[in-house]
Amino acid sequence: MKFGGTSVRSLAAWENIDAQVRRQQAEGRQVMVVVSAIRGVTDQLQQIAAGDRGADAVEEVANAYRSLLEEMGVSASLEQPLKELSALAENPNRGDDPALQAQILGLGEYLTCACGGAWLRHRGVAAQDTDARSLLTTSPSGTNRSADHLAARCRPTLSPDTAQRLADEGDVHLTQGFVARLPDGQPAVLGRGGSDTSAACLAELLGAELLQIWTDVPGMFSSDPRALPGARLLRYVSYREAQELASMGARVLHPMSVEPVRRAEIPLQICWTARPDHQGTLISPQARDFGAQVKGIVSRSGLTLIVMEGFAMWHQVGFLAEAFGLFRAHGFSVDLVSTSEANVTVSLDLTTHLVDADALNRLVEELGQICRVQVIHQCASVSLVGMGIRTILHKLGPALEVFEHRRIYLVSQAANDLNLTFVVDEAHAEKLVMQLHQQLIPGGVGGDSVFGESWEQLHRGETSNGGPPPWWEASRERLLDLLADRSCAYVYSRTALREAADRLLSLKHVDRVLYAMKANANPEVLRELGGRGVGMECVSLAEVQRALAEVPGLTPDRVLFTPNFAPREEYLAGLELGVNVTIDNLFVLEQWGEEFAGREVFVRLDPGSGLGHHKLVRTAGANSKFGIVEEDHETLVALADRHNITIRGLHAHVGSGVMHAGAWHRTLETMSNWLDRFPDVRVLDLGGGLGVPDKSGDAALDLVALDDGLAELKQQLVRPVDIWLEPGRYLVAQAGVLLARVTQLKGKGEVQYVGVATGMNSLIRPALYGAYHEIANLSRLHEPAGQVCNVVGPICETGDILGLDRLLPACTAGDVLLIANAGAYSAAMGSNYNLRPPAAELMLD
């Protein structure tokens with residue numbers, strides 16, 4: 001039984017481990033428990049191993065395990081592994097020595113075993129401590145030291161003697177995942193996610209009856225369920241299908257873990273920690289062959305393509321051997337391959353390689369000696385996975401029309417006839433998966449021999465974030481009354497707006513909060529937020545004028561004007577109005593610099609990389625049009641000096657929908673390094689992008705962690721400055737809902753449609769970004785859900801879909817559907833397309 005990072009991080013998790021061990025013992029089985037490091041610890045160890053962090057990260061790791069012991073109410077000796085970690089963290093050679101890095105990376109699992117073993121024995125389970133490095137020996141390549149230590153491979157064979165020895169020692173053994181040793185005894189790790197593989201190798205070595213992988217999800221799904229709640233549980237999967245799904249992007253299982261159990265014909269069961277009695281997914285030789293069908297639509301982001309070209313390779317004997325020899329020498333495993341007479345294109349998944357950052361540059365340099373090389377970053381694969389793909393190509397044809405307007409870099413049809421894969425721009429992958437899943441995976445509510453319940457069904461009613469129910473549940477009757485004589489309307493909660501504003505204004509280490517009013521420029525919304533003390537961030541002259549006209553008492557100094565590629569007249573008008581004007585392009589100062597002479601300005605800088613829920617909302621990095629890059633800072637300063645311009649503030653914004661506090665900490669840390677270049681700066685504007693949960697049960701952004709991190713970083717600044725934030729969606733998204741009355745119902749085979757009175761003319765985010773909005777039948781709010789349907793609007797476009805595969809109570813014409821989180825970038829992006837007016841906007845007091 002293998003338990004991952006989320007399945008070992010708390011007392012409740014270990015109570016489950018205890019229960020499962022006792023269950024197996026009661027049935028006469030001997031048990032090997034394989035554990036990972038607590039979730040997040042390996043990331044910290046990775047930073048230590050890379051030389052980026054030292055004693056501070058060691059203390060964070062120590063505190064994580066001390067907290068676990070305190071919760072368990074037991075004591076365990078952590079002194080030896082922590083002492084070892086502290087010594088390694090002080091070794092100046094650790095960043096360049098793969099053996100030291102492997103030793104560091106594996107210490108989290110040893111700490112987990114120390115805590116878990118003490119607790120199990122305290123509970124009366126006679127768990128034997130067994131060192132995984134005494135059981136698993138790797139098979140090194142001998143050609144790449146880094147890969148041999150950090151992405152090691154094991155190929156164990158059945159050892160009855162080892163199994164008997166362990167059985168003689170006790171019925172329960174506790175050991176580490178992820179770690180192994182080289183034949184000479186040096187430490188090795190099996191790559192990120194390698195604990196699954198460790199467990200599978202141990203199962204093969206010991207001749208196990210069953211391998212269980214315990215995780216925080218119910219099993220394998222037909223797609224990523226967190227992005228597509230309508231994805232359906234796969235009840236039975238063959239070894240080959242499971243390995244293909246895992247290799248192509250299904251993260252619940254490491255792809256390397258399937259081969260050992262396949263060789264030994266050991267069933268593998270994926271078990272759900274939250275519901276131990278749930279069936280999960282069974283991968284076994286007994287899994288029935290249900291014929292040719294697509295079982296999953298999966299994607300992998302973060303791929304890099306290496307394109308090798310040159311007519312010299314035409315009929316050149318040994319070219320591929322030479323080229324692939326270079327990939328091996330630098331520790332890279334090639335995923336997909338496409339060849340022609342003068343072109344070979346391959347994909348690399350750099351996220352799975354624990355090689356050093358310069359390895360790719362060295363590879364490209366050496367490949368350049370035998371061919372022309374092009375590197376394409378930020379790609380993603382979209383794969384259709386299932387048995388007999390070639391035999392059903394004719395059925396797949398209509399579904400593949402979703403690629404019509406997308407650039408496809410590579411197409412691969414697996415030789416084992418298990419997948420058809422397309423490599424596309426990362427920005428398009430999520431929406432393509434959603435569209436393909438809707439067309440190729442059967443809908444329904446369970447009962448199928450292959451497909452079980454959807455993710456949404458399994459999690460219906462859960463609120464794992466522990467927060468209160470959304471405001472609109474308590475306001476149901478008032479909302480229905482508002483729509484009594486309407487077919488559709490946006491409704492905003494004044495109370496929810498105030499609460500969101502107050503949460504941000506209470507941050508002790510943020511000196512000013514501005515509202516990015518492009519999210520929703522409704523005058524009543526502006527007045528409500530402005531009345532709480534929130535300033536305004538505007539991106540057009542019209543927004544500036546509306547803010548000053550509609551918000552009582554709003555002074556120009558509380559307005560930040562951040563135009564982008566705007567005409568000269570807008571900048572001049574902003575200066576005339578006395579608002580804070582931001583410049584994000586050298587062109588403005590090069591061509592119109594004299595207009596800013598003697599003025600104070602903000603400048604928008606590009607921190608180098610973007611974040612966010614979709615590529616189209618990431619606003620930093622080379623592929624974004626915003627900001628001045630670091631190599632142009634010297635020119636920026638010179639232009640400001642030439643025109644006697646004072647740079648009062650620096651502004652950066654990395655994207656939208658970011659859910660981890662560290663994003664703003666990194667932005668502040670980056671900007672703090674620039675303060676010496678800009679001696680007059682008194683404000684650092686960290687931008688916005690504060691995300692809100694899209695689905696019930698999703699965790700909210702941790703504002704306490706955000707504030708605490710800012711406090712620590714502010715103390716390290718070279719001089720005091722004010723910190724500004726400029727959120728949009730955080731302030732208004734959850735305060736708004738779109739209400740729409742059901743107009744028609746339609747069934748087309750297994751697909752059910754619920755039509756409503758408005759569509760992408762009111763809410764374009766699902767069509768534009770593939771955005772997810774929770775949908776509820778407000779008329780039947782507390783009735784049981786039993787219908788999976790697509791919620792669509794009246795616009796004459798195939799893409800006029802507000803929600804795919806939504807689990808709702810049976811709908812009838814006249815019901816009112818509620819679309820949640822519709823307060824931001826919703827009415828503001830409405831249109832009169834098809835000459836259908838968008839939904840009106842109402843305020844609920």
# chains A, B, ... in the order shown; residues from 1 in each chain; ligands from 1

$ select_by_dssp --residues "region 111-324 of chain A" --states "helix (DSSP H, G or I)" --output "VMD selection string"
chain A and resid 111 to 122 132 to 134 145 to 150 160 to 169 194 to 206 239 to 248 255 to 264 311 to 313 319 to 324

$ residues_around --residues "Val402 (chain A)" --least-positions-apart "5" --cutoff "9 Å" --atoms "only C-alpha atoms" --output "PyMOL selection string"
chain A and resi 432+435-436

$ select_by_dssp --residues "region 549-778 of chain A" --states "strand (DSSP E or B)" --output "number ranges by chain"
A: 559-561, 580-583, 600-605, 618, 628, 646-651, 655, 658, 683-685, 690, 722-725, 736-748, 751-756, 775-777

$ residues_around --residues "region 183-195 of chain A" --least-positions-apart "4" --cutoff "9 Å" --atoms "only C-alpha atoms" --output "PyMOL selection string"
chain A and resi 2-4+34-36+42+98-103+105-106+133+137-140+147-154+176-179+199-200+253-254+256-257+351-354

$ closest_residue --among "A:Met308, A:Gln369, A:Val423, A:Ala474" --to "Asn343 (chain A)" --atoms "only C-alpha atoms"
A:Met308

$ residues_around --residues "Leu326 (chain A)" --least-positions-apart "2" --cutoff "8 Å" --atoms "only C-alpha atoms" --output "mmCIF file with N, CA, C and O atoms, in the first residue's frame"
data_model
loop_
_atom_site.group_PDB
_atom_site.id
_atom_site.type_symbol
_atom_site.label_atom_id
_atom_site.label_comp_id
_atom_site.auth_asym_id
_atom_site.auth_seq_id
_atom_site.Cartn_x
_atom_site.Cartn_y
_atom_site.Cartn_z
ATOM 1 N N GLU A 322 22.767 9.145 -33.985
ATOM 2 C CA GLU A 322 23.643 10.193 -33.457
ATOM 3 C C GLU A 322 22.847 11.235 -32.673
ATOM 4 O O GLU A 322 23.254 11.651 -31.574
ATOM 5 N N ALA A 323 21.714 11.642 -33.238
ATOM 6 C CA ALA A 323 20.913 12.662 -32.573
ATOM 7 C C ALA A 323 20.368 12.162 -31.238
ATOM 8 O O ALA A 323 20.482 12.833 -30.196
ATOM 9 N N PHE A 324 19.804 10.955 -31.248
ATOM 10 C CA PHE A 324 19.235 10.438 -30.012
ATOM 11 C C PHE A 324 20.305 10.083 -28.989
ATOM 12 O O PHE A 324 20.044 10.084 -27.783
ATOM 13 N N ARG A 328 20.349 11.171 -24.971
ATOM 14 C CA ARG A 328 20.701 10.261 -23.877
ATOM 15 C C ARG A 328 21.868 10.810 -23.062
ATOM 16 O O ARG A 328 21.838 10.778 -21.822
ATOM 17 N N ALA A 329 22.869 11.334 -23.751
ATOM 18 C CA ALA A 329 24.055 11.829 -23.058
ATOM 19 C C ALA A 329 23.733 12.958 -22.100
ATOM 20 O O ALA A 329 24.389 13.123 -21.065
ATOM 21 N N HIS A 330 22.688 13.742 -22.427
ATOM 22 C CA HIS A 330 22.337 14.882 -21.579
ATOM 23 C C HIS A 330 21.177 14.566 -20.636
ATOM 24 O O HIS A 330 20.671 15.467 -19.947
ATOM 25 N N LEU A 363 22.391 20.592 -24.846
ATOM 26 C CA LEU A 363 21.869 19.670 -25.856
ATOM 27 C C LEU A 363 21.662 20.384 -27.188
ATOM 28 O O LEU A 363 22.079 19.890 -28.253
ATOM 29 N N GLU A 366 24.918 21.121 -29.058
ATOM 30 C CA GLU A 366 25.541 19.968 -29.718
ATOM 31 C C GLU A 366 24.706 19.483 -30.898
ATOM 32 O O GLU A 366 25.258 19.063 -31.921
ATOM 33 N N LEU A 367 23.380 19.534 -30.776
ATOM 34 C CA LEU A 367 22.551 19.166 -31.929
ATOM 35 C C LEU A 367 22.804 20.106 -33.099
ATOM 36 O O LEU A 367 22.735 19.704 -34.270
#

$ residues_around --residues "Cys113 (chain A)" --least-positions-apart "4" --cutoff "7 Å" --atoms "only C-alpha atoms" --output "JSON, numbers by chain"
{"A": [109, 117, 174, 175, 176]}

$ write_last_selection --atoms "C-alpha atoms" --output "tab-separated table (two decimals), in the first residue's frame"
chain	number	residue	atom	x	y	z
A	109	GLU	CA	10.44	10.04	3.02
A	117	GLY	CA	6.32	4.34	12.45
A	174	LEU	CA	6.99	0.59	6.73
A	175	THR	CA	9.34	1.89	4.08
A	176	GLN	CA	10.16	4.89	1.92
